[in-house]
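Peer 1: Here it is, the structure, as structure tokens.
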Amino acid sequence: MKRKLLALLLAAAMTMTALTGCGGNQAADNGNKNAENSKTEENGGDTQAKEGEIPNLVVTYAYLEVPADIDAVTEKLNEITTEKLGCTVTFIPYTYGNIQDQMALTLASPSEQVDCMFGMFRSGIAGAVGKGQLKALDGLLDEYGQDIKATLGDYLEGTTVNGEVYGVTTVRDLAGQSAYYFDKAIIDELQIDLSAVHKYEDLTPVFAKIKEAYPNLYLACNSGVKPEGYYMSDDGIQDPLTDKLGVLMDSSELKVTNLFESQEYKDFCKMMKEWNDAGYVYPDIITDEANGGQALMKSGVVASYQNVYKPGALTENELLAGRELEVAVLGEPISYTSKVQNWSWVIPENSVYPELAMQFLNLLYTDADLVNLLNYGVEGKNWVLDADGFATDGPDTDGYSDKTAWKSGNAMLSAVWKGDEATLYTDLMDWNKSANKSAALGFAFDSANVTSEYTALSSVTAQYRMMIEWGFAADVDASIAEMNDALYAAGLKEYMAEKQKQLDAWAAAK
Amino acid sequence: MKKRKMAWRYRYLYLLMLPGLIYLLINNYLPMAGLVIAFKKVNFRTGIWSSPWCGLENFKYLFATKDAWIITRNTILYNLVFIILGLVVSVALAIFLSEMRSKKMRSLHQGCLLIPYIISYVVVSYLVYAFLGSNGLINKGILQEMGKNSVNWYLESKYWPFILVFVNTWKNAGYASVIYLATILGFDDSVYEAAQLDGVTPWQKIRYITIPLLKPTIITLTMLNVGRIFYSDFGLFYQVPQNSGAILNVTNVLDTYVYRGLLELGDVSMSSAAGLYQAVVGFFVIMAANALVRKISPDDAII
């Protein structure tokens, strides 16, 4: 009996190794192919691939979570590219959770083929450009990307470093504006008028009223991923210059100052302290990384949360929060570099087929089928077009759960999801145009000369900002002063001087 | 000549050693060439080898601020406590286990002690959170029931040295005790029998037989840990405190500092500089510890 069991185990183990062995070989084969491909390109590049073999683009994309139907989408994607570009596509999905690590790894391994990358550049693309990880796109754009140029126009300046374009942003909200989203049932019940709310301070009486009626609900929290801090200006004037370490308090002037010493910052933090003392702030806000505002609203913990605003944002938030919402829009929208760069398509230095990659990107700005596929999944399965021309739930909607139109490329080509205005995307473009534009729009700071200061500074902000900006500090003034001392000790002065120097050089070259 | 003969005689033993050697060569020695990255300003367009040298520029950030002192202090002090406490607790556990008569009970307890070791730190961090969160067991179940104010655990740095030491010991002591237990069970029974005839008390048995016999194992394991005194368990220091900024002064260690700083920069040169720094310090610490052991008890020195 025992021996039989052992034999079975051994057999199982051997099949396992055989299987993994196969997988390994396949990967190695692919690797060889890539190597061959790059070789043929090096040898003159007259034929991009061997005869009879169609080139294969490697494209990375980003999702909240990888959709279940990713294979079906990839298959469809390949149908489109085979027909339009004569190439196949290996489609690699990253998730928002791991994209930063994945990108860093991919960009740091020059032998790995990636032709197009939809990247998250929270601290701008200048760093990757400085390390020689991205290809300059000007020539490619002229030759293959005319439609991109026509669609994005001036926004291409937002992804320009040292006079050359390195990234292609997508048509989405290219400006920033803050808003608070409220549970509509509560607002209606208490007869609160949100139209009078234009600033953070205006929220205090609203919160007080709701807290009185629902003492168990919290009101102040924010959505999504836990940021390094919470402070967000609502005046539509400030430009955070990507990392808030040295900002333009008045974005019409190119003068770098320290946000954390400003009166605006102090006032904001004092207000947050008041909110926290009054019990408005979600007490686990600092430690709860798993739940954003929408999830907390869904589970009945909060009655309101902060998130960015743009046309169509209300419907997006309602889908995630699972109930009807009402929005109080704060301040004015403003467009600055990091808003444009934050999510951009880039062609990494590891690209084997840069020309084809640019053609693929151009397709994202011209081909409605491709855009809809990436936005909503396979038509007829994950979504269908209803009689009025709106996109709506298909037989297997959940198979492509991450339905958003801001990532793929030209959202203007996308079908509008049911519940939104038919004019959603033109509204969005108008809103983008209406936004204040920072005088530094297009300036991308490269921290390469001050990396040690940057690491030290981000350690300081990690220690203080969340605590102060959510009102957990016992003495706001003292904590802010302490943080500023620590920041200056960590080299904020040098950091800001470098920023000012680069900004001046950029302005002079413009 | 004689040496070569020896080598031939033990050829099969060398053959046995070969896979391990190859593994070491590929995994630990070949990548050492990559250490040049730590001294270069890497540009991916020109490649690693033709990138410009930049001296010690990449190391600067490790010492640039007053954080450097806090991080070094935290890393070394926590590790010292972990090594000493871990040693005492796991040896004690191993002795308790070895004294158990029933084999079944011994396996049961051993299994229970091992469970924390196989739980990932992500899960552990949520277990801790279930105790310490604002609605957690300690605040809701104990402090409020007793009519006391609840504590914002994740904002109060004074508690965290104890919490981290407790969690680390709870998680790792069981694993180390298994190694000690295996050694104890391998001891020659006749020694204990002889002692029994002489009428020793259980305490004397532990004090004069078990612990002296365990000494080589204790020294080897401790030396291994000492060599890693400049490394820290990322999960313990990043996940368990839920990455809370307010308690950074007692939870920030070299690995978390490097991670926080470089996550957005993605600078391979600076990360490999940190790795090299850890390895070099670890090397000197382990050599010093070995020299110390050689002085106290020459037989047990490793090198």
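Chain labels run A, B, ... following the order of the structure tokens; each chain numbers its residues from 1, and ligands are numbered from 1 in the order shown.
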Do a neighbour search on Val191 (chain B) at 10 Å with only C-alpha atoms, toss out local chain neighbours closer than 3 positions, and write the hits as a count of residues only.
Peer 2: 8
Peer 1: Restrict the distance test to only C-alpha atoms, flag each residue of chain B within 9 Å of chain A, and return the flagged residues as a PyMOL selection string.
Peer 2: chain B and resi 41-47+57-67+129+133-135+152+154-155+241-249+257-258+260-268+270
Peer 1: Could those residues be written to a file, using C-alpha atoms, as a PDB file, in the first residue's frame?
Peer 2:
```
ATOM      1  CA  LYS B  41      25.435  56.481 -12.806  1.00  0.00           C
ATOM      2  CA  VAL B  42      23.624  53.934 -14.920  1.00  0.00           C
ATOM      3  CA  ASN B  43      22.299  55.020 -18.276  1.00  0.00           C
ATOM      4  CA  PHE B  44      20.301  52.288 -19.976  1.00  0.00           C
ATOM      5  CA  ARG B  45      20.848  53.664 -23.445  1.00  0.00           C
ATOM      6  CA  THR B  46      24.615  53.239 -23.232  1.00  0.00           C
ATOM      7  CA  GLY B  47      24.514  50.122 -21.057  1.00  0.00           C
ATOM      8  CA  GLU B  57      27.754  59.426  -4.904  1.00  0.00           C
ATOM      9  CA  ASN B  58      25.218  56.576  -4.672  1.00  0.00           C
ATOM     10  CA  PHE B  59      26.068  55.924  -1.029  1.00  0.00           C
ATOM     11  CA  LYS B  60      25.546  59.510   0.046  1.00  0.00           C
ATOM     12  CA  TYR B  61      21.828  59.189   0.696  1.00  0.00           C
ATOM     13  CA  LEU B  62      22.425  56.457   3.266  1.00  0.00           C
ATOM     14  CA  PHE B  63      24.311  58.900   5.488  1.00  0.00           C
ATOM     15  CA  ALA B  64      22.946  62.235   4.350  1.00  0.00           C
ATOM     16  CA  THR B  65      20.536  63.052   7.159  1.00  0.00           C
ATOM     17  CA  LYS B  66      19.797  62.629  10.799  1.00  0.00           C
ATOM     18  CA  ASP B  67      17.635  59.724   9.681  1.00  0.00           C
ATOM     19  CA  TYR B 129      -4.471  45.012  13.226  1.00  0.00           C
ATOM     20  CA  GLY B 133      -7.111  48.803  15.226  1.00  0.00           C
ATOM     21  CA  SER B 134      -9.464  51.516  16.471  1.00  0.00           C
ATOM     22  CA  ASN B 135     -12.222  48.886  16.569  1.00  0.00           C
ATOM     23  CA  ASN B 152      -4.419  55.061  18.862  1.00  0.00           C
ATOM     24  CA  TYR B 154      -0.616  53.175  15.177  1.00  0.00           C
ATOM     25  CA  LEU B 155       0.160  56.760  16.145  1.00  0.00           C
ATOM     26  CA  PRO B 241       3.022  48.831  11.500  1.00  0.00           C
ATOM     27  CA  GLN B 242       0.722  49.324   8.460  1.00  0.00           C
ATOM     28  CA  ASN B 243       3.262  51.761   7.021  1.00  0.00           C
ATOM     29  CA  SER B 244       2.108  54.364   9.526  1.00  0.00           C
ATOM     30  CA  GLY B 245       4.243  57.486   9.315  1.00  0.00           C
ATOM     31  CA  ALA B 246       3.748  58.729  12.860  1.00  0.00           C
ATOM     32  CA  ILE B 247       5.717  55.844  14.357  1.00  0.00           C
ATOM     33  CA  LEU B 248       8.530  55.903  11.814  1.00  0.00           C
ATOM     34  CA  ASN B 249      11.151  56.916  14.366  1.00  0.00           C
ATOM     35  CA  TYR B 257      14.115  53.522   4.315  1.00  0.00           C
ATOM     36  CA  VAL B 258      15.617  52.318   1.064  1.00  0.00           C
ATOM     37  CA  ARG B 260      10.386  54.236   0.646  1.00  0.00           C
ATOM     38  CA  GLY B 261      13.053  56.377  -0.931  1.00  0.00           C
ATOM     39  CA  LEU B 262      13.597  54.367  -4.075  1.00  0.00           C
ATOM     40  CA  LEU B 263      10.113  53.093  -4.849  1.00  0.00           C
ATOM     41  CA  GLU B 264       9.393  56.161  -6.930  1.00  0.00           C
ATOM     42  CA  LEU B 265      12.914  56.874  -8.069  1.00  0.00           C
ATOM     43  CA  GLY B 266      13.496  53.314  -9.285  1.00  0.00           C
ATOM     44  CA  ASP B 267      17.235  53.926  -9.091  1.00  0.00           C
ATOM     45  CA  VAL B 268      19.101  50.608  -9.372  1.00  0.00           C
ATOM     46  CA  MET B 270      21.261  53.459  -5.157  1.00  0.00           C
TER      47      MET B 270
END
```
Peer 1: Name all residues at most 9 Å from Asn149 (chain B) (count only C-alpha atoms; drop same-chain ones fewer than 4 positions away) and give them as a PyMOL selection string.
Peer 2: chain B and resi 139+143-144
Peer 1: Please save C-alpha atoms of the selected residues as a tab-separated table (two decimals), in the first residue's frame.
Peer 2:
```tsv
chain	number	residue	atom	x	y	z
B	139	ASN	CA	-9.60	48.96	22.26
B	143	LEU	CA	-9.93	49.15	27.27
B	144	GLN	CA	-13.47	50.36	26.65
```
Peer 1: Among the residues of region 7-233 of chain B, find those DSSP assigns to helix (DSSP H, G or I) from the backbone and print them as a ChimeraX atom specification.
Peer 2: /B:7-9,11-39,57-63,67-99,103-118,121-132,137-143,153-155,157-185,189-198,202-227
Peer 1: Quick one: residues within 10 Å of Ser233 (chain A), only C-alpha atoms, excluding same-chain residues fewer than 2 positions away - as a PyMOL selection string?
Peer 2: chain A and resi 176-178+199-200+230-231+235-240+249+264-265+268+330-332
Peer 1: Save the residues we just selected, C-alpha atoms, as a CSV table (one decimal), in the first residue's frame?
Peer 2:
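Output file selection_25.csv is given in full below:
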```csv
chain,number,residue,atom,x,y,z
A,176,GLY,CA,-7.2,68.5,-11.2
A,177,GLN,CA,-10.1,69.5,-9.1
A,178,SER,CA,-11.2,68.3,-5.7
A,199,LYS,CA,-14.4,75.5,-0.5
A,200,TYR,CA,-13.2,73.0,2.1
A,230,TYR,CA,-3.8,64.4,2.0
A,231,TYR,CA,-3.4,68.2,1.5
A,235,ASP,CA,-8.1,77.3,-5.2
A,236,GLY,CA,-7.1,76.2,-8.7
A,237,ILE,CA,-4.0,78.3,-8.4
A,238,GLN,CA,-1.3,76.1,-6.8
A,239,ASP,CA,1.0,73.9,-8.9
A,240,PRO,CA,2.5,71.1,-6.7
A,249,MET,CA,1.8,78.8,-4.6
A,264,GLU,CA,-2.9,78.1,3.3
A,265,TYR,CA,-1.3,74.8,4.5
A,268,PHE,CA,-6.0,73.6,6.1
A,330,LEU,CA,-14.6,72.5,-4.7
A,331,GLY,CA,-12.6,75.4,-6.2
A,332,GLU,CA,-11.5,75.5,-9.8
```
